[in-house]
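> Take a look at the following structure, please.
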Amino acid sequence: MKRLAWPAGILAALLLVNLIFTDHFFQIEIKDGHLYGSLIDIFRFGAPLILVALGMTLVIATRGIDLSVGSVVAITGAMACLEISTLSSQDSIGGVLGAIGIALGLAVALGVGNGFLVAIVGIQPIIATLILMVAGRGLAQLITDGQIITINSDPYKLIGGGYWLTLPFSIIIVAVVLALMAFVTRRLALGLLIESVGGNAEASRLSGIRSHGLLIVVYAFCALCAGVAGLMISSNVSSADGNNAGLWIELDAILAVVIGGTSLAGGRFSLGGTVLGALIIQTLTTTIYSIGVPPETTLLFKALVVTIVCLLQSPAFRAKVFRSRRKPAPPTVPAGEKVTVRT
Amino acid sequence: MKTLALPRQLPGRLPRNYLPVLVTGALFIAMFTAGGIRYEGFATGQIILNVFIDNAFLLVVAVGMTFVILTGGIDLSVGSVVALTTMIAASLLPSTPSFLVILLVLAIGGVLGAAMGAIIHYFEIQPFIVTLAGMFLARGLCYTIGTDSIPISDPTFTAIAQTRIDLAPELWISPTVLIALAVVLVATYTLHYTRLGRNVYAVGGNEQSALLMGLPVARTKIAVYTISGLCSALGGLLLSFYMLSGYGLHAVGMELDAIAAVVIGGTLLTGGSGYLLGTVLGVLVLGLIQTVISFEGTLSSWWTKIVIGLLLLVFILLQRLIVTTGVSRER
């Protein structure tokens with residue numbers, strides 16, 4: 001739990017800023033049977049990012065990285081909208097479910113491809129997924145034929161923009177996925193196996209873990225999460241844009257994971273931290289809008305927060321800055337130096 | 001894998017390390033020949049020179065990226081630094097002498113790179129994350145300066161943009177190509193004939209060993225990111241000569257093109273192995289793909305991305321093959 005202290009503190013600080021500068025920020029009201037409020041909005045607009053980041057967490061726990069999630073977001077959105085646009089009745093639930101099935105199936109297939117390149121062929125994850133990141137944008141535009149496909153389908157609209165039991169449907173999806181993942185990785189052995197593969201893939205294989213299969217499953221799951229996020233994004237705006245949907249979401253997702261305390265070196269992960277990290281990014285964006293900072297400077301703030309969070313989490317930084325401040329002239333070998341030599 | 005084993009020495013006594021570069025070169029020649037057979041007016045020298053003219057800025061940026069990747073790092077900030085450079089240049093030029101502007105933007109690029117390198121080395125944060133923050137910072141600074149495109153009408157800049165250097169009848173290049181080639185030459189000299197260059201390969205091969213051998217790892221790592229920052233700023237200047245405008249949305253996604261060019265050029269992303277000549281060929285191949293697609297006419301622009309992705313796949317598989325056969329022979 002100590003690991004979650006930094007991200008939780010930063011999220012609390014961000015919320016505090018909102019409490020001071022924004023009126024009615026913490027107000028949640030019910031209109032037409034739906035929950036409304038800034039906090040709900042943060043969850044609602046942050047839902048795709050949380051999903052992508054959750055999938056990314058498992059990949060990073062295996063000492064991998066998946067750069068292709070943004071492209072997968074665009075491809076699934078494009079595929080689903082293309083299939084729905086060819087339906088005779090866009091409101092038919094069966095047809096929409098079929099389209100979603102095809103799109104998610106495609107996403108899983110792409111993820112298996114990534115996993116195959118990483119696990120069987122043995123390519124560095126960053127490169128293996130770079131291929132799909134570059135080619136995937138082209139594929140998405142190929143599917144939409146370079147156009148923006150607009151659809152008008154109520155069942156599809158539910159995924160990203162609808163409400164169910166007074167809650168936005170996207171939040172429910174995220175909650176279900178999070179609960180499933182927490183159960184499978186923390187109550188069953190899968191989480192331990194993933195961390196063990198991330199710690200040392202070869203040693204895990206020798207000790208009887210099927211690390212190749214596990215890697216493929218993890219990459220496929222990450223792509224599936226990205227696929228669902230792609231459905232949410234395209235359903236929220238009822239259209240598919242092969243060029244811009246999910247642009248740079250992979251970077252935000254990786255940031256969310258890192259802010260949440262999962263090490264890029266693999267071997268351990270924290271689902272709660274990732275959710276906090278994604279919420280920090282989304283809250284930051286909302287805060288910038290609500291306290292009236294010009295939106296052009298969003299990226300500057302993001303850069304600042306990322307740098308601060310990463311520096312605070314870096315053991316080397318803490319050793320160098322905080323220790324030297326407390327002990328201005330250490331008489332023996334400073335602890336900071338020992339750390340640098342060992343790592 | 002035995003059937004796939006590659007000869008340790010290629011015919012003509014070339015080390016196996018050159019194979020990816022040779023394959024990229026062969027690919028370039030094959031694409032050029034195929035294009036020449038298929039399209040009228042393709043097989044001229046000017047087509048190759050045009051690829052240089054249109055990609056001079058990418059070439060310079062990719063050279064900087066090669067240094068970083070050779071040490072096993074990565075620099076995601078290059079595209080944003082390019083955009084920031086065009087933006088600063090365009091906003092300062094009306095009131096400031098052009099040589100001052102050029103010096104200033106180069107200094108900004110270098111300082112930004114050095115700062116990222118220092119954070120990466122001293123605070124042990126992954127290059128991926130640090131340069132990602134640098135990317136946000138530079139892009140954010142662009143938008144803070146202005147969200148619109150700013151035209152450049154400075155006489156020096158327009159003069160460089162409009163100059164044509166005739167090499168032969170029907171063959172010409174722009175001054176930006178000369179600058180880019182000069183950068184390539186200086187960088188090649190640095191990598192292969194100076195201490196810094198050897199240190200770059202050593203750090204990329206194994207940082208721990210380099211440290212234990214007493215090589216200046218800190219200085220080398222900060223130096224490569226500084227070089228990358230400088231190259232990005234210079235690339236930004238070349239882009240502002242080419243576009244004659246500053247815009248926060250210039251060079252979006254250019255870091256991917258630069259990384260792709262370096263990988264297609266045969267440099268290993270784990271560091272320690274690769275050549276600048278490969279990067280030059282990688283940029284040429286990327287440029288030629290665009291030329292072919294524009295000659296084809298009916299092919300849409302997104303095919304560029306798909307083809308680049310497929311090429312990346314092929315080259316990475318090839319590299320993998322070379323590495324595995326190398327390992328199996330050593331056993």
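Labels for the structure tokens follow display order: chains A, B, ..., residues from 1 in each chain, ligands from 1.
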May I have a table of the residues of chain A lying at most 7 Å from chain B, giving each one's closest pair of atoms and their distance in Å to one decimal, counting only C-alpha atoms, ordered by chain and ascending residue number, as CSV?

residue,atom,partner,partner_atom,distance
A:Ile131,CA,B:Gly309,CA,4.9
A:Leu132,CA,B:Gly309,CA,6.7
A:Val134,CA,B:Gly309,CA,5.5
A:Ala135,CA,B:Ile306,CA,4.2
A:Gly138,CA,B:Trp302,CA,4.6
A:Leu139,CA,B:Ile306,CA,6.7
A:Gln141,CA,B:Trp302,CA,6.4
A:Leu142,CA,B:Trp302,CA,6.8
A:Glu296,CA,B:Tyr143,CA,5.2
A:Thr297,CA,B:Gly140,CA,5.6
A:Thr298,CA,B:Gly140,CA,6.9
A:Leu299,CA,B:Gly140,CA,4.5
A:Leu300,CA,B:Gly140,CA,4.6
A:Lys302,CA,B:Phe136,CA,6.9
A:Ala303,CA,B:Ala133,CA,4.8
A:Val306,CA,B:Ala133,CA,6.3
A:Thr307,CA,B:Ala133,CA,6.5
A:Ser314,CA,B:Phe123,CA,6.4
A:Ala316,CA,B:Phe123,CA,5.0
A:Phe317,CA,B:Phe123,CA,4.9
> List the neighbours of Ile84 of chain A out to 10 Å using only C-alpha atoms; skip same-chain residues closer than 4 positions along the sequence, and give me the result as a PDB file with N, CA and C atoms, in the first residue's frame.

ATOM      1  N   ALA A  78     -13.083   1.657 -36.105  1.00  0.00           N
ATOM      2  CA  ALA A  78     -13.376   1.706 -37.541  1.00  0.00           C
ATOM      3  C   ALA A  78     -14.138   0.463 -37.976  1.00  0.00           C
ATOM      4  N   MET A  79     -13.675  -0.703 -37.484  1.00  0.00           N
ATOM      5  CA  MET A  79     -14.287  -1.969 -37.900  1.00  0.00           C
ATOM      6  C   MET A  79     -15.740  -2.033 -37.431  1.00  0.00           C
ATOM      7  N   ALA A  80     -15.963  -1.680 -36.150  1.00  0.00           N
ATOM      8  CA  ALA A  80     -17.319  -1.748 -35.613  1.00  0.00           C
ATOM      9  C   ALA A  80     -18.246  -0.802 -36.371  1.00  0.00           C
ATOM     10  N   SER A  88     -28.842  -3.352 -42.194  1.00  0.00           N
ATOM     11  CA  SER A  88     -30.070  -2.790 -42.756  1.00  0.00           C
ATOM     12  C   SER A  88     -30.761  -1.914 -41.718  1.00  0.00           C
ATOM     13  N   SER A  89     -30.785  -2.398 -40.466  1.00  0.00           N
ATOM     14  CA  SER A  89     -31.304  -1.566 -39.389  1.00  0.00           C
ATOM     15  C   SER A  89     -30.190  -1.374 -38.368  1.00  0.00           C
ATOM     16  N   GLN A  90     -29.729  -0.131 -38.199  1.00  0.00           N
ATOM     17  CA  GLN A  90     -28.598   0.100 -37.313  1.00  0.00           C
ATOM     18  C   GLN A  90     -28.975  -0.064 -35.855  1.00  0.00           C
ATOM     19  N   ASP A  91     -30.282  -0.164 -35.555  1.00  0.00           N
ATOM     20  CA  ASP A  91     -30.698  -0.306 -34.167  1.00  0.00           C
ATOM     21  C   ASP A  91     -30.856  -1.760 -33.752  1.00  0.00           C
ATOM     22  N   SER A  92     -30.671  -2.713 -34.693  1.00  0.00           N
ATOM     23  CA  SER A  92     -30.872  -4.111 -34.327  1.00  0.00           C
ATOM     24  C   SER A  92     -29.757  -4.557 -33.394  1.00  0.00           C
ATOM     25  N   GLY A  95     -27.343  -7.300 -34.693  1.00  0.00           N
ATOM     26  CA  GLY A  95     -26.379  -6.787 -35.663  1.00  0.00           C
ATOM     27  C   GLY A  95     -25.252  -6.039 -34.988  1.00  0.00           C
ATOM     28  N   VAL A  96     -25.618  -5.205 -33.998  1.00  0.00           N
ATOM     29  CA  VAL A  96     -24.591  -4.429 -33.291  1.00  0.00           C
ATOM     30  C   VAL A  96     -23.658  -5.356 -32.527  1.00  0.00           C
ATOM     31  N   LEU A  97     -24.257  -6.383 -31.870  1.00  0.00           N
ATOM     32  CA  LEU A  97     -23.419  -7.333 -31.132  1.00  0.00           C
ATOM     33  C   LEU A  97     -22.466  -8.056 -32.073  1.00  0.00           C
ATOM     34  N   GLY A  98     -22.996  -8.415 -33.266  1.00  0.00           N
ATOM     35  CA  GLY A  98     -22.136  -9.062 -34.261  1.00  0.00           C
ATOM     36  C   GLY A  98     -20.974  -8.168 -34.641  1.00  0.00           C
ATOM     37  N   ALA A  99     -21.273  -6.885 -34.884  1.00  0.00           N
ATOM     38  CA  ALA A  99     -20.221  -5.936 -35.271  1.00  0.00           C
ATOM     39  C   ALA A  99     -19.181  -5.812 -34.169  1.00  0.00           C
ATOM     40  N   ILE A 100     -19.681  -5.739 -32.911  1.00  0.00           N
ATOM     41  CA  ILE A 100     -18.751  -5.632 -31.783  1.00  0.00           C
ATOM     42  C   ILE A 100     -17.882  -6.884 -31.706  1.00  0.00           C
ATOM     43  N   ILE A 149     -16.461   7.526 -40.750  1.00  0.00           N
ATOM     44  CA  ILE A 149     -17.734   6.820 -40.862  1.00  0.00           C
ATOM     45  C   ILE A 149     -18.660   7.292 -39.741  1.00  0.00           C
ATOM     46  N   THR A 150     -19.815   7.823 -40.107  1.00  0.00           N
ATOM     47  CA  THR A 150     -20.770   8.248 -39.084  1.00  0.00           C
ATOM     48  C   THR A 150     -21.901   7.239 -39.046  1.00  0.00           C
ATOM     49  N   ILE A 151     -22.326   6.872 -37.833  1.00  0.00           N
ATOM     50  CA  ILE A 151     -23.422   5.908 -37.712  1.00  0.00           C
ATOM     51  C   ILE A 151     -24.486   6.493 -36.798  1.00  0.00           C
ATOM     52  N   ASN A 152     -25.647   5.870 -36.808  1.00  0.00           N
ATOM     53  CA  ASN A 152     -26.732   6.333 -35.958  1.00  0.00           C
ATOM     54  C   ASN A 152     -27.394   5.108 -35.345  1.00  0.00           C
ATOM     55  N   SER A 153     -26.771   4.586 -34.293  1.00  0.00           N
ATOM     56  CA  SER A 153     -27.229   3.329 -33.727  1.00  0.00           C
ATOM     57  C   SER A 153     -27.365   3.481 -32.223  1.00  0.00           C
ATOM     58  N   TYR A 156     -25.447   0.849 -29.975  1.00  0.00           N
ATOM     59  CA  TYR A 156     -24.006   1.063 -29.984  1.00  0.00           C
ATOM     60  C   TYR A 156     -23.651   2.289 -29.156  1.00  0.00           C
TER      61      TYR A 156
END
> Using DSSP on the backbone coordinates, identify the residues of segment 27-186 of chain A assigned to alpha helix (DSSP H); present them as an MDAnalysis selection string.
chainID A and resid 38:61 69:85 93:116 125:144 154:161 169:182
> Please indicate the distance in Å from atom CA of Phe25 of chain A to atom CA of Trp164 of chain A, rounded to one decimal place.
23.2 Å
> Atom CA of Ser149 of chain B to atom CA of Ser245 of chain B: how many Å, to one decimal?
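A separation of 6.5 Å between them.
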> At a cut-off of 12 Å, using only C-alpha atoms, what residues contact Gly115 of chain A? Leave out same-chain residues fewer than 6 positions from it and give the result as a PyMOL selection string.
chain A and resi 59+62+64-66+68+108-109+121-129+132+211-223
> From the set A:Val309, A:Ile291, A:Leu251, A:Leu304, which residue has the shortest atom-to-atom contact distance to Met56 of chain A, counting only C-alpha atoms?
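Closest to Met56 of chain A, using only C-alpha atoms: A:Leu251.
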> Just list as JSON, numbers by chain whatever in segment 133-324 of chain A DSSP marks as strand (DSSP E).
{"A": [148, 149, 150, 163, 164, 167, 168, 239, 240, 241]}
